[in-house]
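K.L.:
Contents of work_38.cif (mmCIF, C-alpha atoms) are given next:
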```cif
data_upload
#
loop_
_atom_site.group_PDB
_atom_site.id
_atom_site.type_symbol
_atom_site.label_atom_id
_atom_site.label_comp_id
_atom_site.auth_asym_id
_atom_site.auth_seq_id
_atom_site.Cartn_x
_atom_site.Cartn_y
_atom_site.Cartn_z
ATOM 1 C CA MET B 21 0.000 0.000 0.000
ATOM 2 C CA ILE B 22 1.077 3.589 -0.617
ATOM 3 C CA GLY B 23 1.811 5.222 2.732
ATOM 4 C CA LEU B 24 0.015 8.511 2.124
ATOM 5 C CA SER B 25 -1.620 10.699 4.717
ATOM 6 C CA VAL B 26 -5.003 10.086 3.140
ATOM 7 C CA PRO B 27 -7.965 9.644 5.505
ATOM 8 C CA THR B 28 -8.817 5.985 5.915
ATOM 9 C CA LEU B 29 -11.645 4.174 7.624
ATOM 10 C CA ALA B 30 -9.949 0.813 7.985
ATOM 11 C CA HIS B 31 -6.420 -0.511 8.346
ATOM 12 C CA ASP B 32 -4.512 -1.324 5.178
ATOM 13 C CA VAL B 33 -4.644 -5.033 4.454
ATOM 14 C CA THR B 34 -2.327 -6.869 2.079
ATOM 15 C CA PRO B 35 -4.417 -7.928 -0.950
ATOM 16 C CA PRO B 36 -4.879 -11.687 -1.215
ATOM 17 C CA SER B 37 -3.067 -13.723 -3.821
ATOM 18 C CA VAL B 38 -4.907 -14.602 -7.025
ATOM 19 C CA ALA B 39 -5.715 -18.079 -5.725
ATOM 20 C CA ALA B 40 -6.819 -16.812 -2.311
ATOM 21 C CA GLU B 41 -8.921 -14.105 -3.942
ATOM 22 C CA ALA B 42 -10.657 -16.656 -6.166
ATOM 23 C CA LEU B 43 -11.469 -18.757 -3.110
ATOM 24 C CA LEU B 44 -12.851 -15.759 -1.196
ATOM 25 C CA VAL B 45 -14.997 -14.787 -4.179
ATOM 26 C CA ALA B 46 -16.328 -18.317 -4.549
ATOM 27 C CA ARG B 47 -17.260 -18.434 -0.862
ATOM 28 C CA ALA B 48 -18.980 -15.043 -1.050
ATOM 29 C CA GLN B 49 -20.903 -16.078 -4.155
ATOM 30 C CA HIS B 50 -22.088 -19.171 -2.327
ATOM 31 C CA ASP B 51 -23.054 -17.180 0.768
ATOM 32 C CA PRO B 52 -23.059 -13.340 0.860
ATOM 33 C CA ALA B 53 -22.286 -13.535 4.584
ATOM 34 C CA ASN B 54 -18.732 -14.445 3.503
ATOM 35 C CA PHE B 55 -18.234 -11.117 1.696
ATOM 36 C CA GLY B 56 -16.509 -9.601 4.747
ATOM 37 C CA PRO B 57 -12.915 -10.688 3.943
ATOM 38 C CA LEU B 58 -13.180 -9.171 0.448
ATOM 39 C CA TYR B 59 -14.485 -5.949 1.951
ATOM 40 C CA GLU B 60 -11.614 -5.851 4.464
ATOM 41 C CA ALA B 61 -9.017 -6.578 1.779
ATOM 42 C CA TYR B 62 -10.159 -3.940 -0.691
ATOM 43 C CA PHE B 63 -11.893 -1.182 1.243
ATOM 44 C CA ASP B 64 -8.772 0.952 1.769
ATOM 45 C CA PRO B 65 -7.629 1.041 -1.896
ATOM 46 C CA ILE B 66 -11.191 1.741 -3.063
ATOM 47 C CA PHE B 67 -11.636 4.476 -0.461
ATOM 48 C CA ARG B 68 -8.234 5.967 -1.358
ATOM 49 C CA TYR B 69 -9.132 6.045 -5.051
ATOM 50 C CA CYS B 70 -12.485 7.706 -4.325
ATOM 51 C CA PHE B 71 -10.746 10.233 -2.075
ATOM 52 C CA TYR B 72 -8.270 11.206 -4.795
ATOM 53 C CA ARG B 73 -11.083 11.586 -7.308
ATOM 54 C CA LEU B 74 -13.546 13.419 -5.061
ATOM 55 C CA GLY B 75 -11.262 15.326 -2.683
ATOM 56 C CA SER B 76 -13.474 14.813 0.364
ATOM 57 C CA ALA B 77 -13.347 12.098 3.009
ATOM 58 C CA GLN B 78 -17.131 12.157 3.408
ATOM 59 C CA ALA B 79 -17.751 11.937 -0.334
ATOM 60 C CA ALA B 80 -15.156 9.159 -0.597
ATOM 61 C CA GLU B 81 -16.794 7.213 2.234
ATOM 62 C CA ASP B 82 -20.193 7.501 0.567
ATOM 63 C CA ALA B 83 -18.805 6.482 -2.807
ATOM 64 C CA ALA B 84 -16.846 3.538 -1.392
ATOM 65 C CA SER B 85 -19.948 2.314 0.429
ATOM 66 C CA THR B 86 -21.888 2.493 -2.829
ATOM 67 C CA VAL B 87 -19.149 0.544 -4.604
ATOM 68 C CA PHE B 88 -19.324 -2.344 -2.151
ATOM 69 C CA ILE B 89 -23.113 -2.371 -2.102
ATOM 70 C CA ARG B 90 -23.156 -2.646 -5.893
ATOM 71 C CA ALA B 91 -20.410 -5.253 -5.852
ATOM 72 C CA LEU B 92 -22.322 -7.387 -3.373
ATOM 73 C CA GLU B 93 -25.494 -7.086 -5.455
ATOM 74 C CA ALA B 94 -23.661 -8.025 -8.660
ATOM 75 C CA LEU B 95 -21.445 -10.715 -7.133
ATOM 76 C CA PRO B 96 -23.593 -13.676 -8.244
ATOM 77 C CA ARG B 97 -23.006 -12.569 -11.863
ATOM 78 C CA TYR B 98 -19.267 -11.965 -11.494
ATOM 79 C CA ARG B 99 -17.049 -14.075 -13.718
ATOM 80 C CA PRO B 100 -13.291 -13.459 -14.077
ATOM 81 C CA ALA B 101 -12.531 -12.029 -17.524
ATOM 82 C CA ALA B 102 -9.923 -13.657 -19.701
ATOM 83 C CA ARG B 103 -7.719 -10.518 -19.728
ATOM 84 C CA ALA B 104 -6.677 -8.829 -16.473
ATOM 85 C CA GLY B 105 -10.037 -9.745 -15.038
ATOM 86 C CA SER B 106 -9.205 -9.987 -11.360
ATOM 87 C CA PHE B 107 -11.850 -9.286 -8.756
ATOM 88 C CA ARG B 108 -9.873 -6.188 -7.813
ATOM 89 C CA SER B 109 -10.021 -4.774 -11.356
ATOM 90 C CA TRP B 110 -13.750 -5.588 -11.495
ATOM 91 C CA LEU B 111 -14.220 -3.731 -8.209
ATOM 92 C CA PHE B 112 -12.339 -0.703 -9.506
ATOM 93 C CA THR B 113 -14.457 -0.721 -12.659
ATOM 94 C CA ILE B 114 -17.486 -0.318 -10.396
ATOM 95 C CA ALA B 115 -15.672 2.453 -8.499
ATOM 96 C CA HIS B 116 -14.822 4.150 -11.799
ATOM 97 C CA ASN B 117 -18.530 4.254 -12.682
ATOM 98 C CA VAL B 118 -19.671 5.326 -9.218
ATOM 99 C CA VAL B 119 -17.236 8.240 -9.179
ATOM 100 C CA ALA B 120 -18.189 9.247 -12.726
ATOM 101 C CA ASN B 121 -21.849 9.274 -11.718
ATOM 102 C CA GLN B 122 -21.031 11.359 -8.664
ATOM 103 C CA HIS B 123 -19.167 13.851 -10.845
ATOM 104 C CA ARG B 124 -22.178 14.177 -13.119
ATOM 105 C CA ALA B 125 -24.416 14.735 -10.115
ATOM 106 C CA THR B 126 -22.080 17.431 -8.754
ATOM 107 C CA THR B 127 -21.885 19.776 -11.707
ATOM 108 C CA ARG B 128 -20.787 22.760 -9.611
ATOM 109 C CA ARG B 129 -17.306 21.371 -9.131
ATOM 110 C CA PRO B 130 -15.835 20.138 -12.416
ATOM 111 C CA ILE B 131 -13.447 17.223 -12.063
ATOM 112 C CA ALA B 132 -11.181 15.976 -14.833
ATOM 113 C CA PRO B 133 -12.724 13.029 -16.721
ATOM 114 C CA LEU B 134 -11.259 9.531 -16.637
ATOM 115 C CA ALA B 135 -8.739 8.060 -19.040
ATOM 116 C CA ALA B 136 -5.752 5.717 -19.047
ATOM 117 C CA ALA B 137 -2.273 4.322 -18.262
ATOM 118 C CA SER B 138 0.325 2.995 -15.804
ATOM 119 C CA VAL B 139 3.779 1.505 -15.355
ATOM 120 C CA VAL B 140 6.842 3.546 -16.237
ATOM 121 C CA PRO B 141 10.352 2.459 -17.273
ATOM 122 C CA ASP B 142 12.668 1.752 -14.335
ATOM 123 C CA ASP B 143 15.051 4.644 -15.099
ATOM 124 C CA HIS B 144 12.458 7.232 -14.011
ATOM 125 C CA PRO B 145 11.012 7.625 -10.510
ATOM 126 C CA SER B 146 7.328 6.814 -10.409
ATOM 127 C CA PRO B 147 4.543 9.186 -9.289
ATOM 128 C CA GLU B 148 4.158 6.902 -6.285
ATOM 129 C CA ASP B 149 7.793 7.601 -5.328
ATOM 130 C CA TYR B 150 7.134 11.327 -5.417
ATOM 131 C CA ALA B 151 3.974 10.904 -3.380
ATOM 132 C CA LEU B 152 5.846 8.921 -0.732
ATOM 133 C CA ALA B 153 8.643 11.481 -0.667
ATOM 134 C CA ARG B 154 6.242 14.357 -0.074
ATOM 135 C CA ASP B 155 3.712 12.466 2.076
ATOM 136 C CA ASP B 156 1.403 15.461 1.640
ATOM 137 C CA VAL B 157 -1.947 14.553 0.188
ATOM 138 C CA HIS B 158 -3.015 18.156 -0.327
ATOM 139 C CA THR B 159 0.094 18.913 -2.355
ATOM 140 C CA ILE B 160 -0.402 15.700 -4.300
ATOM 141 C CA GLN B 161 -4.003 16.583 -5.089
ATOM 142 C CA SER B 162 -2.984 20.075 -6.132
ATOM 143 C CA LEU B 163 -0.366 18.744 -8.527
ATOM 144 C CA LEU B 164 -2.617 16.011 -9.890
ATOM 145 C CA ALA B 165 -5.192 18.672 -10.707
ATOM 146 C CA ARG B 166 -2.604 20.282 -12.998
ATOM 147 C CA LEU B 167 -2.071 17.128 -15.035
ATOM 148 C CA PRO B 168 -4.041 16.458 -18.219
ATOM 149 C CA ALA B 169 -7.184 14.497 -17.385
ATOM 150 C CA GLU B 170 -5.878 11.246 -18.885
ATOM 151 C CA GLN B 171 -2.635 11.334 -16.950
ATOM 152 C CA ARG B 172 -4.360 12.271 -13.691
ATOM 153 C CA GLN B 173 -6.655 9.271 -13.842
ATOM 154 C CA VAL B 174 -3.751 6.933 -14.442
ATOM 155 C CA VAL B 175 -1.774 8.222 -11.477
ATOM 156 C CA GLU B 176 -4.812 8.071 -9.187
ATOM 157 C CA LEU B 177 -5.355 4.419 -10.056
ATOM 158 C CA ARG B 178 -1.671 3.655 -9.585
ATOM 159 C CA LEU B 179 -1.708 5.360 -6.189
ATOM 160 C CA SER B 180 -4.651 3.109 -5.338
ATOM 161 C CA GLY B 181 -2.485 0.061 -5.988
ATOM 162 C CA LEU B 182 -3.586 -1.139 -9.423
ATOM 163 C CA THR B 183 -1.197 -2.627 -11.976
ATOM 164 C CA ASP B 184 -0.962 -1.420 -15.557
ATOM 165 C CA GLN B 185 -3.024 -4.367 -16.789
ATOM 166 C CA GLU B 186 -5.725 -3.732 -14.207
ATOM 167 C CA ILE B 187 -5.877 -0.054 -15.157
ATOM 168 C CA ALA B 188 -6.212 -1.039 -18.811
ATOM 169 C CA HIS B 189 -9.082 -3.328 -17.865
ATOM 170 C CA VAL B 190 -10.833 -0.691 -15.726
ATOM 171 C CA LEU B 191 -10.526 2.055 -18.319
ATOM 172 C CA GLY B 192 -10.991 -0.037 -21.428
ATOM 173 C CA ARG B 193 -7.631 0.938 -22.911
ATOM 174 C CA SER B 194 -4.737 -0.974 -24.408
ATOM 175 C CA HIS B 195 -1.685 -1.861 -22.374
ATOM 176 C CA GLY B 196 0.479 0.233 -24.691
ATOM 177 C CA ALA B 197 -1.718 3.312 -24.305
ATOM 178 C CA ILE B 198 -1.497 2.943 -20.554
ATOM 179 C CA ARG B 199 2.282 2.738 -20.513
ATOM 180 C CA THR B 200 2.532 5.811 -22.734
ATOM 181 C CA ALA B 201 0.168 7.898 -20.631
ATOM 182 C CA HIS B 202 1.882 6.909 -17.399
ATOM 183 C CA TYR B 203 5.306 7.749 -18.811
ATOM 184 C CA ARG B 204 4.061 11.214 -19.778
ATOM 185 C CA ALA B 205 2.533 11.658 -16.319
ATOM 186 C CA VAL B 206 5.900 10.875 -14.734
ATOM 187 C CA LEU B 207 7.664 13.487 -16.824
ATOM 188 C CA GLN B 208 5.014 16.077 -16.004
ATOM 189 C CA LEU B 209 5.102 15.298 -12.275
ATOM 190 C CA ARG B 210 8.890 15.520 -12.252
ATOM 191 C CA ALA B 211 8.579 19.058 -13.604
ATOM 192 C CA LEU B 212 5.743 20.003 -11.241
ATOM 193 C CA PHE B 213 7.455 18.699 -8.108
ATOM 194 C CA GLY B 214 10.647 20.473 -9.097
ATOM 195 C CA ALA B 215 8.717 23.721 -9.456
ATOM 196 C CA GLN B 216 7.301 23.608 -5.916
ATOM 197 C CA PRO B 217 8.513 26.411 -3.576
ATOM 198 C CA GLY B 218 11.491 25.291 -1.508
ATOM 199 C CA GLU B 219 11.930 22.167 -3.624
ATOM 200 C CA SER B 220 14.854 21.231 -5.803
ATOM 201 C CA SER B 221 14.820 18.564 -8.449
ATOM 202 C CA HIS B 222 16.730 15.360 -7.684
ATOM 203 C CA ASP B 223 17.340 12.366 -9.947
#
```
Using the file provided, produce a representation of the structure as structure tokens.

P.N.:
Amino acid sequence: MIGLSVPTLAHDVTPPSVAAEALLVARAQHDPANFGPLYEAYFDPIFRYCFYRLGSAQAAEDAASTVFIRALEALPRYRPAARAGSFRSWLFTIAHNVVANQHRATTRRPIAPLAAASVVPDDHPSPEDYALARDDVHTIQSLLARLPAEQRQVVELRLSGLTDQEIAHVLGRSHGAIRTAHYRAVLQLRALFGAQPGESSHD
């Protein structure tokens, strides 16, 4: 998990392995009373993603609750997709839609639309590295708001713990498009962090 000073309502839990996740899903599909471990495993990353998108702990809590309610309702119909179709990516697809709906309902405060991309070549620090270095969620949100909409969405999903393939699945984009957008986000964030008062750029 990314160690940001983002409000949380539960303790970070290490996501289960693919096999363990499949078992938890199967148990929950058999009996909804077994949904608890999935909720515990994924609440924090879903809440964190909603917080980055909405900028309010209360709005993020409401959105995250809606995500899990919808997931529980749709769970009997869930089937892993052939490509990057983990339960986690399915859950974030629901979160993507919930947040988009909330944006449409809150027209007074425009928020950048969603788009795509993730992993960056190893020779560049990642946006997550910058976020950890600053450990200042308000600064992070301020800088993310200055990114193009596509790049912002990619970084927000990466900060929530998704892989490039999962982001591609959530946003309906190709793996290549995701890598390109994330690479551009890294370059832009490098420039933005370096421009902050009292900051100097380090490689």

K.L.:
What does the distance between atom CA of B:Ser180 and atom CA of B:Val45 come to in Å, to one decimal place?

P.N.:
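About the pair atom CA of B:Ser180 and atom CA of B:Val45: they are 20.7 Å apart.
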
K.L.:
Could you check the closest approach to B:Leu179 for each of B:His50, B:His202, B:Arg73, B:Arg68 and tell me which residue wins, using only C-alpha atoms?

P.N.:
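Smallest distance to B:Leu179 is found for B:Arg68.
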
K.L.:
What would the selection look like, as a PyMOL selection string, if the PyMOL selection byres ((chain B and resi 164) around 10) were run on the coordinates I just shared?

P.N.:
chain B and resi 72-73+132+147+158-163+165-169+171-173+175-176+205+208-209+212

K.L.:
May I have the selected residues written with C-alpha atoms, as a short mmCIF file (atom, residue, chain, number, x, y, z; two decimals), in the coordinates of the input?

P.N.:
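Wrote it out as selection.cif, contents follow:
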```cif
data_model
loop_
_atom_site.label_atom_id
_atom_site.label_comp_id
_atom_site.auth_asym_id
_atom_site.auth_seq_id
_atom_site.Cartn_x
_atom_site.Cartn_y
_atom_site.Cartn_z
CA TYR B 72 -8.27 11.21 -4.80
CA ARG B 73 -11.08 11.59 -7.31
CA ALA B 132 -11.18 15.98 -14.83
CA PRO B 147 4.54 9.19 -9.29
CA HIS B 158 -3.02 18.16 -0.33
CA THR B 159 0.09 18.91 -2.36
CA ILE B 160 -0.40 15.70 -4.30
CA GLN B 161 -4.00 16.58 -5.09
CA SER B 162 -2.98 20.08 -6.13
CA LEU B 163 -0.37 18.74 -8.53
CA ALA B 165 -5.19 18.67 -10.71
CA ARG B 166 -2.60 20.28 -13.00
CA LEU B 167 -2.07 17.13 -15.04
CA PRO B 168 -4.04 16.46 -18.22
CA ALA B 169 -7.18 14.50 -17.39
CA GLN B 171 -2.64 11.33 -16.95
CA ARG B 172 -4.36 12.27 -13.69
CA GLN B 173 -6.66 9.27 -13.84
CA VAL B 175 -1.77 8.22 -11.48
CA GLU B 176 -4.81 8.07 -9.19
CA ALA B 205 2.53 11.66 -16.32
CA GLN B 208 5.01 16.08 -16.00
CA LEU B 209 5.10 15.30 -12.28
CA LEU B 212 5.74 20.00 -11.24
#
```

K.L.:
Ranking B:Ala53, B:Ala125, B:Ala80, B:Leu95 by minimum distance to B:Phe107 and counting only C-alpha atoms, which one comes first?

P.N.:
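Looking only at the distances to B:Phe107, the closest residue turns out to be B:Leu95.
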
K.L.:
Please determine, counting only C-alpha atoms, which residue among B:Leu74, B:Val119, B:Ala61, B:Ile198 has the shortest atom-to-atom distance to B:Val87.

P.N.:
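Residue with the minimum atom-to-atom distance to B:Val87: B:Val119.
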
K.L.:
When you draw a straight line from atom CA of B:Val38 to atom CA of B:Thr113, how long is it in Å?

P.N.:
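So the two atoms, atom CA of B:Val38 and atom CA of B:Thr113, lie 17.8 Å apart.
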
K.L.:
In Å, rounded to a single decimal, give me how far atom CA of B:Leu111 is from atom CA of B:Ala188.

P.N.:
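Rounded to one decimal, the two atoms are 13.6 Å apart.
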
K.L.:
If you apply the PyMOL selection byres ((chain B and resi 106) around 12) to this file, what residues do you get, as a ChimeraX atom specification?

P.N.:
/B:35-42,45,98-105,107-113,182-183,185-187,189-190

K.L.:
Which residue is closest to B:Val174? Choose from B:Arg210, B:Ser85, B:Ala48, B:Tyr69 and count all atoms listed in the file.

P.N.:
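Of B:Arg210, B:Ser85, B:Ala48, B:Tyr69, the one nearest B:Val174, counting all atoms listed in the file, is B:Tyr69.
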
K.L.:
From the options B:Ala120, B:Tyr203, B:Gly75, B:Gln49, which residue's atoms come nearest to B:Arg97, counting only C-alpha atoms?

P.N.:
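Distance minimum relative to B:Arg97 lands on B:Gln49.
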